$ cat work-v4.cif   # mmCIF, N, CA and C atoms
data_work
#
loop_
_atom_site.label_atom_id
_atom_site.label_comp_id
_atom_site.auth_asym_id
_atom_site.auth_seq_id
_atom_site.Cartn_x
_atom_site.Cartn_y
_atom_site.Cartn_z
N MET A 1 73.41 97.74 99.00
CA MET A 1 74.64 98.21 99.61
C MET A 1 74.36 99.28 100.66
N GLY A 2 73.24 99.97 100.59
CA GLY A 2 72.93 101.02 101.55
C GLY A 2 73.65 102.30 101.20
N ALA A 3 73.88 103.13 102.22
CA ALA A 3 74.56 104.40 102.02
C ALA A 3 75.98 104.16 101.51
N ILE A 4 76.37 104.96 100.52
CA ILE A 4 77.69 104.80 99.93
C ILE A 4 78.74 105.41 100.86
N SER A 5 79.89 104.78 100.92
CA SER A 5 80.99 105.20 101.78
C SER A 5 82.29 105.02 101.02
N LEU A 6 83.30 105.79 101.39
CA LEU A 6 84.63 105.61 100.79
C LEU A 6 85.19 104.23 101.12
N ASP A 7 84.67 103.61 102.18
CA ASP A 7 85.11 102.26 102.54
C ASP A 7 84.64 101.21 101.53
N HIS A 8 83.69 101.57 100.66
CA HIS A 8 83.22 100.64 99.63
C HIS A 8 84.21 100.51 98.47
N ILE A 9 85.23 101.38 98.43
CA ILE A 9 86.27 101.26 97.41
C ILE A 9 87.16 100.09 97.79
N LEU A 10 87.40 99.21 96.83
CA LEU A 10 88.18 97.99 97.07
C LEU A 10 89.49 98.08 96.30
N VAL A 11 90.62 97.87 96.99
CA VAL A 11 91.92 97.82 96.34
C VAL A 11 92.42 96.38 96.40
N THR A 12 92.66 95.80 95.22
CA THR A 12 93.05 94.40 95.12
C THR A 12 94.44 94.31 94.49
N PRO A 13 95.44 93.81 95.23
CA PRO A 13 96.77 93.60 94.63
C PRO A 13 96.64 92.63 93.45
N LEU A 14 97.40 92.89 92.40
CA LEU A 14 97.35 92.05 91.20
C LEU A 14 98.70 91.39 90.94
N ALA A 15 98.65 90.26 90.25
CA ALA A 15 99.87 89.52 89.93
C ALA A 15 100.57 90.14 88.73
N ARG A 16 101.87 90.24 88.86
CA ARG A 16 102.76 90.61 87.75
C ARG A 16 103.74 89.46 87.65
N ILE A 17 103.65 88.70 86.56
CA ILE A 17 104.44 87.50 86.41
C ILE A 17 105.59 87.78 85.44
N THR A 18 106.81 87.61 85.94
CA THR A 18 107.98 87.84 85.12
C THR A 18 108.24 86.62 84.25
N VAL A 19 108.28 86.86 82.95
CA VAL A 19 108.59 85.79 82.00
C VAL A 19 109.58 86.33 80.98
N GLU A 20 110.34 85.44 80.41
CA GLU A 20 111.31 85.83 79.40
C GLU A 20 110.57 86.48 78.23
N GLY A 21 111.06 87.62 77.81
CA GLY A 21 110.45 88.33 76.69
C GLY A 21 109.45 89.39 77.10
N GLY A 22 109.05 89.43 78.37
CA GLY A 22 108.13 90.47 78.84
C GLY A 22 107.14 89.94 79.85
N ASP A 23 106.82 90.76 80.83
CA ASP A 23 105.95 90.36 81.94
C ASP A 23 104.49 90.18 81.50
N VAL A 24 103.77 89.37 82.28
CA VAL A 24 102.33 89.20 82.15
C VAL A 24 101.68 89.92 83.33
N LEU A 25 100.73 90.80 83.05
CA LEU A 25 100.05 91.56 84.10
C LEU A 25 98.58 91.16 84.14
N HIS A 26 98.14 90.65 85.27
CA HIS A 26 96.73 90.31 85.43
C HIS A 26 95.92 91.59 85.60
N ALA A 27 94.63 91.54 85.25
CA ALA A 27 93.73 92.68 85.42
C ALA A 27 92.48 92.28 86.20
N ILE A 28 91.69 91.32 85.68
CA ILE A 28 90.47 90.91 86.38
C ILE A 28 89.99 89.57 85.81
N LYS A 29 89.39 88.80 86.69
CA LYS A 29 88.74 87.55 86.30
C LYS A 29 87.29 87.61 86.75
N HIS A 30 86.46 86.85 86.10
CA HIS A 30 85.03 86.78 86.43
C HIS A 30 84.81 86.42 87.90
N SER A 31 85.71 85.62 88.47
CA SER A 31 85.56 85.15 89.85
C SER A 31 86.16 86.12 90.88
N ASP A 32 86.77 87.22 90.45
CA ASP A 32 87.41 88.15 91.38
C ASP A 32 86.40 88.96 92.18
N SER A 33 86.78 89.26 93.41
CA SER A 33 86.02 90.21 94.22
C SER A 33 86.09 91.55 93.49
N GLY A 34 84.99 92.25 93.40
CA GLY A 34 84.96 93.51 92.67
C GLY A 34 84.38 93.39 91.28
N TYR A 35 84.39 92.17 90.73
CA TYR A 35 83.78 91.98 89.40
C TYR A 35 82.27 92.00 89.56
N VAL A 36 81.60 92.85 88.77
CA VAL A 36 80.14 92.94 88.80
C VAL A 36 79.56 92.39 87.50
N ASP A 37 80.06 92.91 86.39
CA ASP A 37 79.60 92.52 85.06
C ASP A 37 80.58 93.14 84.08
N PHE A 38 80.42 92.85 82.80
CA PHE A 38 81.27 93.48 81.80
C PHE A 38 80.42 94.27 80.83
N GLY A 39 80.74 95.56 80.70
CA GLY A 39 80.07 96.43 79.74
C GLY A 39 81.02 96.87 78.65
N GLU A 40 82.21 97.34 79.06
CA GLU A 40 83.25 97.73 78.12
C GLU A 40 84.55 97.97 78.88
N ALA A 41 85.64 97.98 78.14
CA ALA A 41 86.95 98.33 78.69
C ALA A 41 87.52 99.45 77.82
N TYR A 42 88.12 100.45 78.47
CA TYR A 42 88.74 101.52 77.70
C TYR A 42 89.97 102.05 78.42
N PHE A 43 90.89 102.62 77.64
CA PHE A 43 92.14 103.16 78.15
C PHE A 43 92.12 104.68 78.09
N SER A 44 92.82 105.31 79.04
CA SER A 44 93.02 106.76 79.04
C SER A 44 94.49 107.03 79.34
N TRP A 45 95.13 107.86 78.53
CA TRP A 45 96.48 108.31 78.83
C TRP A 45 96.38 109.54 79.73
N VAL A 46 97.33 109.67 80.66
CA VAL A 46 97.41 110.87 81.49
C VAL A 46 98.89 111.25 81.59
N ALA A 47 99.20 112.49 81.20
CA ALA A 47 100.57 112.98 81.21
C ALA A 47 101.05 113.23 82.64
N MET A 48 102.37 113.22 82.83
CA MET A 48 102.96 113.51 84.14
C MET A 48 102.46 114.86 84.64
N GLY A 49 101.89 114.88 85.83
CA GLY A 49 101.39 116.10 86.45
C GLY A 49 100.00 116.52 86.01
N ALA A 50 99.49 115.96 84.93
CA ALA A 50 98.15 116.32 84.45
C ALA A 50 97.09 115.80 85.42
N ILE A 51 96.04 116.58 85.58
CA ILE A 51 94.95 116.23 86.50
C ILE A 51 93.65 116.13 85.69
N LYS A 52 92.96 115.02 85.88
CA LYS A 52 91.64 114.83 85.27
C LYS A 52 90.64 114.67 86.41
N ALA A 53 89.86 115.73 86.66
CA ALA A 53 88.92 115.72 87.79
C ALA A 53 87.84 116.77 87.53
N TRP A 54 86.70 116.64 88.09
CA TRP A 54 86.07 115.63 88.91
C TRP A 54 84.94 114.98 88.13
N LYS A 55 84.71 113.70 88.42
CA LYS A 55 83.67 112.95 87.73
C LYS A 55 83.03 111.99 88.73
N ARG A 56 81.73 111.72 88.52
CA ARG A 56 81.02 110.73 89.34
C ARG A 56 80.07 109.96 88.44
N HIS A 57 80.14 108.63 88.52
CA HIS A 57 79.21 107.77 87.79
C HIS A 57 78.02 107.45 88.69
N THR A 58 76.83 107.50 88.13
CA THR A 58 75.63 107.21 88.92
C THR A 58 75.22 105.74 88.85
N ARG A 59 75.69 105.03 87.79
CA ARG A 59 75.35 103.60 87.66
C ARG A 59 76.57 102.70 87.46
N MET A 60 77.65 103.23 86.93
CA MET A 60 78.81 102.42 86.56
C MET A 60 79.68 102.05 87.75
N THR A 61 80.05 100.77 87.83
CA THR A 61 81.12 100.32 88.72
C THR A 61 82.39 100.26 87.88
N MET A 62 83.43 100.92 88.35
CA MET A 62 84.71 100.94 87.64
C MET A 62 85.68 99.95 88.28
N ASN A 63 86.46 99.29 87.46
CA ASN A 63 87.60 98.49 87.89
C ASN A 63 88.80 99.08 87.18
N ILE A 64 89.63 99.81 87.93
CA ILE A 64 90.71 100.61 87.36
C ILE A 64 92.05 99.91 87.59
N VAL A 65 92.84 99.82 86.50
CA VAL A 65 94.17 99.24 86.54
C VAL A 65 95.11 100.20 85.81
N VAL A 66 96.34 100.33 86.31
CA VAL A 66 97.35 101.16 85.66
C VAL A 66 98.53 100.27 85.29
N PRO A 67 98.56 99.75 84.04
CA PRO A 67 99.64 98.85 83.63
C PRO A 67 100.93 99.56 83.25
N VAL A 68 100.86 100.87 82.95
CA VAL A 68 102.02 101.64 82.54
C VAL A 68 102.06 102.93 83.35
N GLY A 69 103.19 103.18 84.03
CA GLY A 69 103.34 104.41 84.79
C GLY A 69 102.81 104.31 86.21
N GLN A 70 102.38 105.44 86.75
CA GLN A 70 101.89 105.54 88.12
C GLN A 70 100.84 106.65 88.16
N VAL A 71 99.70 106.39 88.82
CA VAL A 71 98.61 107.38 88.86
C VAL A 71 98.08 107.48 90.28
N ARG A 72 97.86 108.73 90.72
CA ARG A 72 97.23 108.99 92.02
C ARG A 72 95.74 109.24 91.78
N PHE A 73 94.91 108.47 92.49
CA PHE A 73 93.46 108.63 92.42
C PHE A 73 92.98 109.24 93.72
N VAL A 74 92.07 110.21 93.62
CA VAL A 74 91.50 110.85 94.79
C VAL A 74 89.98 110.67 94.72
N PHE A 75 89.41 110.19 95.82
CA PHE A 75 87.97 109.91 95.88
C PHE A 75 87.34 110.73 97.00
N HIS A 76 86.11 111.19 96.79
CA HIS A 76 85.36 111.84 97.87
C HIS A 76 83.87 111.73 97.58
N LEU A 77 83.07 111.98 98.60
CA LEU A 77 81.63 111.81 98.48
C LEU A 77 80.90 113.10 98.10
N GLY A 78 81.58 114.22 98.15
CA GLY A 78 80.93 115.50 97.86
C GLY A 78 80.31 116.05 99.13
N GLY A 79 80.31 117.36 99.27
CA GLY A 79 79.70 117.98 100.43
C GLY A 79 80.51 117.83 101.70
N GLU A 80 81.70 117.28 101.60
CA GLU A 80 82.57 117.13 102.78
C GLU A 80 84.01 117.17 102.30
N ASP A 81 84.93 117.38 103.23
CA ASP A 81 86.35 117.47 102.88
C ASP A 81 87.10 116.20 103.27
N SER A 82 86.45 115.07 103.20
CA SER A 82 87.09 113.78 103.49
C SER A 82 87.47 113.14 102.16
N PHE A 83 88.74 112.77 102.03
CA PHE A 83 89.24 112.21 100.78
C PHE A 83 89.89 110.86 101.05
N ARG A 84 89.86 110.01 100.05
CA ARG A 84 90.62 108.76 100.08
C ARG A 84 91.57 108.81 98.88
N ILE A 85 92.83 108.55 99.14
CA ILE A 85 93.85 108.63 98.11
C ILE A 85 94.47 107.25 97.92
N GLU A 86 94.53 106.82 96.68
CA GLU A 86 95.17 105.55 96.32
C GLU A 86 96.07 105.80 95.13
N GLU A 87 97.28 105.27 95.18
CA GLU A 87 98.21 105.40 94.06
C GLU A 87 98.58 104.01 93.57
N ILE A 88 98.34 103.76 92.29
CA ILE A 88 98.63 102.45 91.71
C ILE A 88 99.41 102.62 90.41
N GLY A 89 100.07 101.54 90.01
CA GLY A 89 100.83 101.53 88.77
C GLY A 89 101.95 100.51 88.86
N VAL A 90 103.02 100.77 88.16
CA VAL A 90 104.15 99.84 88.11
C VAL A 90 104.70 99.57 89.51
N GLU A 91 104.79 100.59 90.35
CA GLU A 91 105.35 100.44 91.70
C GLU A 91 104.40 99.75 92.67
N HIS A 92 103.12 99.87 92.45
CA HIS A 92 102.10 99.23 93.29
C HIS A 92 101.01 98.74 92.35
N TYR A 93 101.22 97.55 91.80
CA TYR A 93 100.31 97.04 90.79
C TYR A 93 99.08 96.45 91.46
N ALA A 94 97.93 97.09 91.22
CA ALA A 94 96.68 96.70 91.89
C ALA A 94 95.50 97.18 91.04
N ARG A 95 94.32 96.73 91.43
CA ARG A 95 93.07 97.16 90.79
C ARG A 95 92.24 97.89 91.84
N ILE A 96 91.65 99.02 91.46
CA ILE A 96 90.76 99.75 92.34
C ILE A 96 89.34 99.57 91.82
N THR A 97 88.46 99.04 92.66
CA THR A 97 87.05 98.89 92.31
C THR A 97 86.28 100.03 92.97
N VAL A 98 85.59 100.82 92.14
CA VAL A 98 84.88 102.00 92.62
C VAL A 98 83.39 101.85 92.30
N PRO A 99 82.55 101.77 93.33
CA PRO A 99 81.11 101.67 93.07
C PRO A 99 80.54 103.02 92.60
N PRO A 100 79.34 103.01 92.04
CA PRO A 100 78.71 104.27 91.63
C PRO A 100 78.51 105.21 92.82
N GLY A 101 78.48 106.51 92.51
CA GLY A 101 78.15 107.51 93.53
C GLY A 101 79.33 108.18 94.19
N ILE A 102 80.56 107.84 93.80
CA ILE A 102 81.75 108.41 94.43
C ILE A 102 82.45 109.34 93.44
N TRP A 103 82.69 110.59 93.86
CA TRP A 103 83.44 111.53 93.04
C TRP A 103 84.89 111.08 92.98
N PHE A 104 85.53 111.28 91.81
CA PHE A 104 86.95 110.92 91.70
C PHE A 104 87.65 111.82 90.70
N GLY A 105 88.96 111.87 90.88
CA GLY A 105 89.85 112.53 89.94
C GLY A 105 91.16 111.78 89.99
N PHE A 106 92.02 112.03 89.00
CA PHE A 106 93.32 111.36 89.02
C PHE A 106 94.39 112.24 88.40
N GLN A 107 95.65 111.91 88.76
CA GLN A 107 96.80 112.70 88.34
C GLN A 107 97.92 111.76 87.91
N GLY A 108 98.52 112.07 86.76
CA GLY A 108 99.67 111.30 86.29
C GLY A 108 100.88 111.56 87.17
N MET A 109 101.56 110.49 87.58
CA MET A 109 102.69 110.62 88.49
C MET A 109 103.99 110.08 87.89
N ALA A 110 103.99 109.73 86.60
CA ALA A 110 105.19 109.16 85.98
C ALA A 110 105.44 109.81 84.62
N GLU A 111 106.72 109.95 84.29
CA GLU A 111 107.13 110.47 82.98
C GLU A 111 107.12 109.35 81.96
N PRO A 112 106.85 109.59 80.71
CA PRO A 112 106.22 110.82 80.22
C PRO A 112 104.71 110.82 80.42
N GLN A 113 104.13 109.60 80.50
CA GLN A 113 102.69 109.49 80.73
C GLN A 113 102.36 108.11 81.29
N SER A 114 101.15 107.99 81.80
CA SER A 114 100.68 106.73 82.38
C SER A 114 99.41 106.30 81.66
N LEU A 115 99.15 105.00 81.72
CA LEU A 115 97.99 104.44 81.03
C LEU A 115 97.01 103.88 82.05
N VAL A 116 95.77 104.35 82.00
CA VAL A 116 94.71 103.91 82.91
C VAL A 116 93.74 103.04 82.11
N LEU A 117 93.44 101.86 82.64
CA LEU A 117 92.45 100.96 82.06
C LEU A 117 91.24 100.92 82.98
N ASN A 118 90.05 101.20 82.45
CA ASN A 118 88.81 101.03 83.20
C ASN A 118 88.05 99.86 82.60
N ILE A 119 87.80 98.85 83.42
CA ILE A 119 86.97 97.71 83.02
C ILE A 119 85.62 97.96 83.69
N ALA A 120 84.69 98.47 82.90
CA ALA A 120 83.40 98.94 83.43
C ALA A 120 82.33 97.88 83.31
N ASP A 121 81.38 97.94 84.23
CA ASP A 121 80.30 96.94 84.22
C ASP A 121 79.17 97.29 83.24
N ILE A 122 79.16 98.52 82.72
CA ILE A 122 78.17 98.92 81.72
C ILE A 122 78.89 99.67 80.60
N PRO A 123 78.34 99.70 79.40
CA PRO A 123 78.92 100.53 78.34
C PRO A 123 78.82 102.01 78.72
N HIS A 124 79.73 102.80 78.17
CA HIS A 124 79.72 104.24 78.43
C HIS A 124 78.35 104.83 78.08
N ASP A 125 77.83 105.64 78.99
CA ASP A 125 76.54 106.30 78.81
C ASP A 125 76.66 107.71 79.38
N PRO A 126 76.77 108.74 78.53
CA PRO A 126 76.96 110.10 79.03
C PRO A 126 75.89 110.57 80.00
N SER A 127 74.71 109.96 79.96
CA SER A 127 73.62 110.40 80.84
C SER A 127 73.82 109.95 82.29
N GLU A 128 74.77 109.04 82.55
CA GLU A 128 74.97 108.57 83.92
C GLU A 128 76.25 109.14 84.55
N VAL A 129 76.84 110.12 83.90
CA VAL A 129 78.08 110.74 84.38
C VAL A 129 77.81 112.17 84.81
N GLU A 130 78.28 112.52 86.01
CA GLU A 130 78.24 113.91 86.47
C GLU A 130 79.66 114.43 86.47
N ARG A 131 79.84 115.68 86.07
CA ARG A 131 81.17 116.29 86.03
C ARG A 131 81.16 117.59 86.83
N ALA A 132 82.33 117.91 87.37
CA ALA A 132 82.50 119.16 88.11
C ALA A 132 83.87 119.73 87.78
N THR A 133 84.06 121.01 88.06
CA THR A 133 85.34 121.67 87.79
C THR A 133 86.39 121.22 88.79
N LEU A 134 87.64 121.50 88.47
CA LEU A 134 88.76 121.13 89.34
C LEU A 134 88.62 121.75 90.73
N SER A 135 88.00 122.92 90.82
CA SER A 135 87.83 123.60 92.11
C SER A 135 86.58 123.14 92.86
N HIS A 136 86.00 122.04 92.44
CA HIS A 136 84.76 121.49 93.02
C HIS A 136 84.84 121.27 94.53
N ASN A 137 86.02 121.00 95.05
CA ASN A 137 86.19 120.77 96.49
C ASN A 137 87.53 121.34 96.94
N ASN A 138 87.89 121.09 98.18
CA ASN A 138 89.10 121.68 98.75
C ASN A 138 90.33 120.80 98.65
N TYR A 139 90.34 119.82 97.76
CA TYR A 139 91.53 118.97 97.65
C TYR A 139 92.66 119.76 97.00
N ALA A 140 93.84 119.72 97.61
CA ALA A 140 95.01 120.43 97.09
C ALA A 140 95.88 119.45 96.30
N TRP A 141 95.72 119.47 94.98
CA TRP A 141 96.54 118.61 94.13
C TRP A 141 97.99 119.04 94.24
N LYS A 142 98.90 118.09 94.30
CA LYS A 142 100.33 118.40 94.45
C LYS A 142 101.03 118.30 93.12
#

$ encode --input "work-v4.cif" --output "structure tokens"
Amino acid sequence: MGAISLDHILVTPLARITVEGGDVLHAIKHSDSGYVDFGEAYFSWVAMGAIKAWKRHTRMTMNIVVPVGQVRFVFHLGGEDSFRIEEIGVEHYARITVPPGIWFGFQGMAEPQSLVLNIADIPHDPSEVERATLSHNNYAWK
């Protein structure tokens, strides 16, 4: 892939199919652009206004879906004040594919809380995660 760039983040609109008794929400298929491999899938709740930042995976490719609520994701490369902001959830149902090497944080934007699903290409490994404090960069969370 060469040098990592914020342009390597892929946002893929997803199908929400209305059916009697409750909607069907697609997440990912093996044939989808952005699918690398399957390691594990896990959910994280985030309360309205809560901020979870900053983290960077050194090996993991994330495929992030928000099936409940709305979440703002902020991405940056570190060492610069250039940010990419994507908001997904019920209002904009999509999947964000994030390659390794990109710092990210996210904020709950819906009451009472939102649900984030990460479909990762490798199982969780604490040795491949870097963390930083909320003040790690100059992003002004709203």

$ atom_distance --input "work-v4.cif" --atom1 "atom N of Ser127 in chain A" --atom2 "atom C of Ala3 in chain A"
22.4 Å

$ resolve_selection --input "work-v4.cif" --expression "the PyMOL selection byres ((chain A and resi 13) around 8)" --output "number ranges by chain"
A: 10-12, 14-16, 26, 92-96

$ resolve_selection --input "work-v4.cif" --expression "the PyMOL selection byres ((chain A and resi 132-139) around 5)" --output "number ranges by chain"
A: 53-55, 130-131, 140-141

$ closest_residue --input "work-v4.cif" --among "A:Arg59, A:Ser44, A:Ser5, A:Tyr35" --to "Ile122 in chain A" --atoms "only N, CA and C atoms"
A:Arg59

$ closest_residue --input "work-v4.cif" --among "A:Val90, A:Glu128, A:Gly78, A:Lys52" --to "Gly105 in chain A" --atoms "only C-alpha atoms"
A:Lys52

$ closest_residue --input "work-v4.cif" --among "A:Ser33, A:Thr18, A:Ser82, A:Gln107" --to "Gln70 in chain A" --atoms "only N, CA and C atoms"
A:Gln107

$ resolve_selection --input "work-v4.cif" --expression "the PyMOL selection byres (((chain A and resi 109-120 and name CA) around 10) and name CA)" --output "compact mmCIF listing (two decimals) with N, CA and C atoms, keeping the file's coordinate frame"
# COMPACT_ATOMS: atom_id res chain seq x y z
N ALA A 27 94.63 91.54 85.25
CA ALA A 27 93.73 92.68 85.42
C ALA A 27 92.48 92.28 86.20
N ILE A 28 91.69 91.32 85.68
CA ILE A 28 90.47 90.91 86.38
C ILE A 28 89.99 89.57 85.81
N TYR A 35 84.39 92.17 90.73
CA TYR A 35 83.78 91.98 89.40
C TYR A 35 82.27 92.00 89.56
N VAL A 36 81.60 92.85 88.77
CA VAL A 36 80.14 92.94 88.80
C VAL A 36 79.56 92.39 87.50
N ASP A 37 80.06 92.91 86.39
CA ASP A 37 79.60 92.52 85.06
C ASP A 37 80.58 93.14 84.08
N PHE A 38 80.42 92.85 82.80
CA PHE A 38 81.27 93.48 81.80
C PHE A 38 80.42 94.27 80.83
N GLY A 39 80.74 95.56 80.70
CA GLY A 39 80.07 96.43 79.74
C GLY A 39 81.02 96.87 78.65
N GLU A 40 82.21 97.34 79.06
CA GLU A 40 83.25 97.73 78.12
C GLU A 40 84.55 97.97 78.88
N ALA A 41 85.64 97.98 78.14
CA ALA A 41 86.95 98.33 78.69
C ALA A 41 87.52 99.45 77.82
N TYR A 42 88.12 100.45 78.47
CA TYR A 42 88.74 101.52 77.70
C TYR A 42 89.97 102.05 78.42
N PHE A 43 90.89 102.62 77.64
CA PHE A 43 92.14 103.16 78.15
C PHE A 43 92.12 104.68 78.09
N SER A 44 92.82 105.31 79.04
CA SER A 44 93.02 106.76 79.04
C SER A 44 94.49 107.03 79.34
N TRP A 45 95.13 107.86 78.53
CA TRP A 45 96.48 108.31 78.83
C TRP A 45 96.38 109.54 79.73
N VAL A 46 97.33 109.67 80.66
CA VAL A 46 97.41 110.87 81.49
C VAL A 46 98.89 111.25 81.59
N ALA A 47 99.20 112.49 81.20
CA ALA A 47 100.57 112.98 81.21
C ALA A 47 101.05 113.23 82.64
N MET A 48 102.37 113.22 82.83
CA MET A 48 102.96 113.51 84.14
C MET A 48 102.46 114.86 84.64
N GLY A 49 101.89 114.88 85.83
CA GLY A 49 101.39 116.10 86.45
C GLY A 49 100.00 116.52 86.01
N ALA A 50 99.49 115.96 84.93
CA ALA A 50 98.15 116.32 84.45
C ALA A 50 97.09 115.80 85.42
N ILE A 51 96.04 116.58 85.58
CA ILE A 51 94.95 116.23 86.50
C ILE A 51 93.65 116.13 85.69
N MET A 60 77.65 103.23 86.93
CA MET A 60 78.81 102.42 86.56
C MET A 60 79.68 102.05 87.75
N THR A 61 80.05 100.77 87.83
CA THR A 61 81.12 100.32 88.72
C THR A 61 82.39 100.26 87.88
N MET A 62 83.43 100.92 88.35
CA MET A 62 84.71 100.94 87.64
C MET A 62 85.68 99.95 88.28
N ASN A 63 86.46 99.29 87.46
CA ASN A 63 87.60 98.49 87.89
C ASN A 63 88.80 99.08 87.18
N ILE A 64 89.63 99.81 87.93
CA ILE A 64 90.71 100.61 87.36
C ILE A 64 92.05 99.91 87.59
N VAL A 65 92.84 99.82 86.50
CA VAL A 65 94.17 99.24 86.54
C VAL A 65 95.11 100.20 85.81
N VAL A 66 96.34 100.33 86.31
CA VAL A 66 97.35 101.16 85.66
C VAL A 66 98.53 100.27 85.29
N PRO A 67 98.56 99.75 84.04
CA PRO A 67 99.64 98.85 83.63
C PRO A 67 100.93 99.56 83.25
N VAL A 68 100.86 100.87 82.95
CA VAL A 68 102.02 101.64 82.54
C VAL A 68 102.06 102.93 83.35
N GLY A 69 103.19 103.18 84.03
CA GLY A 69 103.34 104.41 84.79
C GLY A 69 102.81 104.31 86.21
N GLN A 70 102.38 105.44 86.75
CA GLN A 70 101.89 105.54 88.12
C GLN A 70 100.84 106.65 88.16
N VAL A 71 99.70 106.39 88.82
CA VAL A 71 98.61 107.38 88.86
C VAL A 71 98.08 107.48 90.28
N ARG A 72 97.86 108.73 90.72
CA ARG A 72 97.23 108.99 92.02
C ARG A 72 95.74 109.24 91.78
N GLU A 87 97.28 105.27 95.18
CA GLU A 87 98.21 105.40 94.06
C GLU A 87 98.58 104.01 93.57
N ILE A 88 98.34 103.76 92.29
CA ILE A 88 98.63 102.45 91.71
C ILE A 88 99.41 102.62 90.41
N GLY A 89 100.07 101.54 90.01
CA GLY A 89 100.83 101.53 88.77
C GLY A 89 101.95 100.51 88.86
N VAL A 90 103.02 100.77 88.16
CA VAL A 90 104.15 99.84 88.11
C VAL A 90 104.70 99.57 89.51
N ARG A 95 94.32 96.73 91.43
CA ARG A 95 93.07 97.16 90.79
C ARG A 95 92.24 97.89 91.84
N ILE A 96 91.65 99.02 91.46
CA ILE A 96 90.76 99.75 92.34
C ILE A 96 89.34 99.57 91.82
N THR A 97 88.46 99.04 92.66
CA THR A 97 87.05 98.89 92.31
C THR A 97 86.28 100.03 92.97
N VAL A 98 85.59 100.82 92.14
CA VAL A 98 84.88 102.00 92.62
C VAL A 98 83.39 101.85 92.30
N PHE A 106 92.02 112.03 89.00
CA PHE A 106 93.32 111.36 89.02
C PHE A 106 94.39 112.24 88.40
N GLN A 107 95.65 111.91 88.76
CA GLN A 107 96.80 112.70 88.34
C GLN A 107 97.92 111.76 87.91
N GLY A 108 98.52 112.07 86.76
CA GLY A 108 99.67 111.30 86.29
C GLY A 108 100.88 111.56 87.17
N ASP A 121 81.38 97.94 84.23
CA ASP A 121 80.30 96.94 84.22
C ASP A 121 79.17 97.29 83.24
N ILE A 122 79.16 98.52 82.72
CA ILE A 122 78.17 98.92 81.72
C ILE A 122 78.89 99.67 80.60
N PRO A 123 78.34 99.70 79.40
CA PRO A 123 78.92 100.53 78.34
C PRO A 123 78.82 102.01 78.72
N HIS A 124 79.73 102.80 78.17
CA HIS A 124 79.72 104.24 78.43
C HIS A 124 78.35 104.83 78.08

$ atom_distance --input "work-v4.cif" --atom1 "atom C of Gly101 in chain A" --atom2 "atom N of Leu6 in chain A"
8.6 Å

$ select_by_dssp --input "work-v4.cif" --residues "chain A" --states "helix (DSSP H, G or I)" --output "VMD selection string"
chain A and resid 6 to 8 126 to 128 134 to 136

$ write_last_selection --input "work-v4.cif" --atoms "N, CA and C atoms" --output "mmCIF file, in the frame of the given file"
data_model
loop_
_atom_site.group_PDB
_atom_site.id
_atom_site.type_symbol
_atom_site.label_atom_id
_atom_site.label_comp_id
_atom_site.auth_asym_id
_atom_site.auth_seq_id
_atom_site.Cartn_x
_atom_site.Cartn_y
_atom_site.Cartn_z
ATOM 1 N N LEU A 6 83.300 105.790 101.390
ATOM 2 C CA LEU A 6 84.630 105.610 100.790
ATOM 3 C C LEU A 6 85.190 104.230 101.120
ATOM 4 N N ASP A 7 84.670 103.610 102.180
ATOM 5 C CA ASP A 7 85.110 102.260 102.540
ATOM 6 C C ASP A 7 84.640 101.210 101.530
ATOM 7 N N HIS A 8 83.690 101.570 100.660
ATOM 8 C CA HIS A 8 83.220 100.640 99.630
ATOM 9 C C HIS A 8 84.210 100.510 98.470
ATOM 10 N N PRO A 126 76.770 108.740 78.530
ATOM 11 C CA PRO A 126 76.960 110.100 79.030
ATOM 12 C C PRO A 126 75.890 110.570 80.000
ATOM 13 N N SER A 127 74.710 109.960 79.960
ATOM 14 C CA SER A 127 73.620 110.400 80.840
ATOM 15 C C SER A 127 73.820 109.950 82.290
ATOM 16 N N GLU A 128 74.770 109.040 82.550
ATOM 17 C CA GLU A 128 74.970 108.570 83.920
ATOM 18 C C GLU A 128 76.250 109.140 84.550
ATOM 19 N N LEU A 134 87.640 121.500 88.470
ATOM 20 C CA LEU A 134 88.760 121.130 89.340
ATOM 21 C C LEU A 134 88.620 121.750 90.730
ATOM 22 N N SER A 135 88.000 122.920 90.820
ATOM 23 C CA SER A 135 87.830 123.600 92.110
ATOM 24 C C SER A 135 86.580 123.140 92.860
ATOM 25 N N HIS A 136 86.000 122.040 92.440
ATOM 26 C CA HIS A 136 84.760 121.490 93.020
ATOM 27 C C HIS A 136 84.840 121.270 94.530
#

$ select_by_dssp --input "work-v4.cif" --residues "chain A" --states "strand (DSSP E)" --output "ChimeraX atom specification"
/A:10-13,16-17,24-25,40-47,51-57,62-68,70-76,84-89,94-98,103-108,113-120,129-131

$ closest_residue --input "work-v4.cif" --among "A:His57, A:Val19, A:Trp103, A:His8" --to "Phe75 in chain A" --atoms "only N, CA and C atoms"
A:Trp103

$ atom_distance --input "work-v4.cif" --atom1 "CA of Glu91 in chain A" --atom2 "atom C of Gly22 in chain A"
15.9 Å

$ closest_residue --input "work-v4.cif" --among "A:Val129, A:Pro99, A:Asp7, A:Arg84" --to "Gly34 in chain A" --atoms "only C-alpha atoms"
A:Pro99
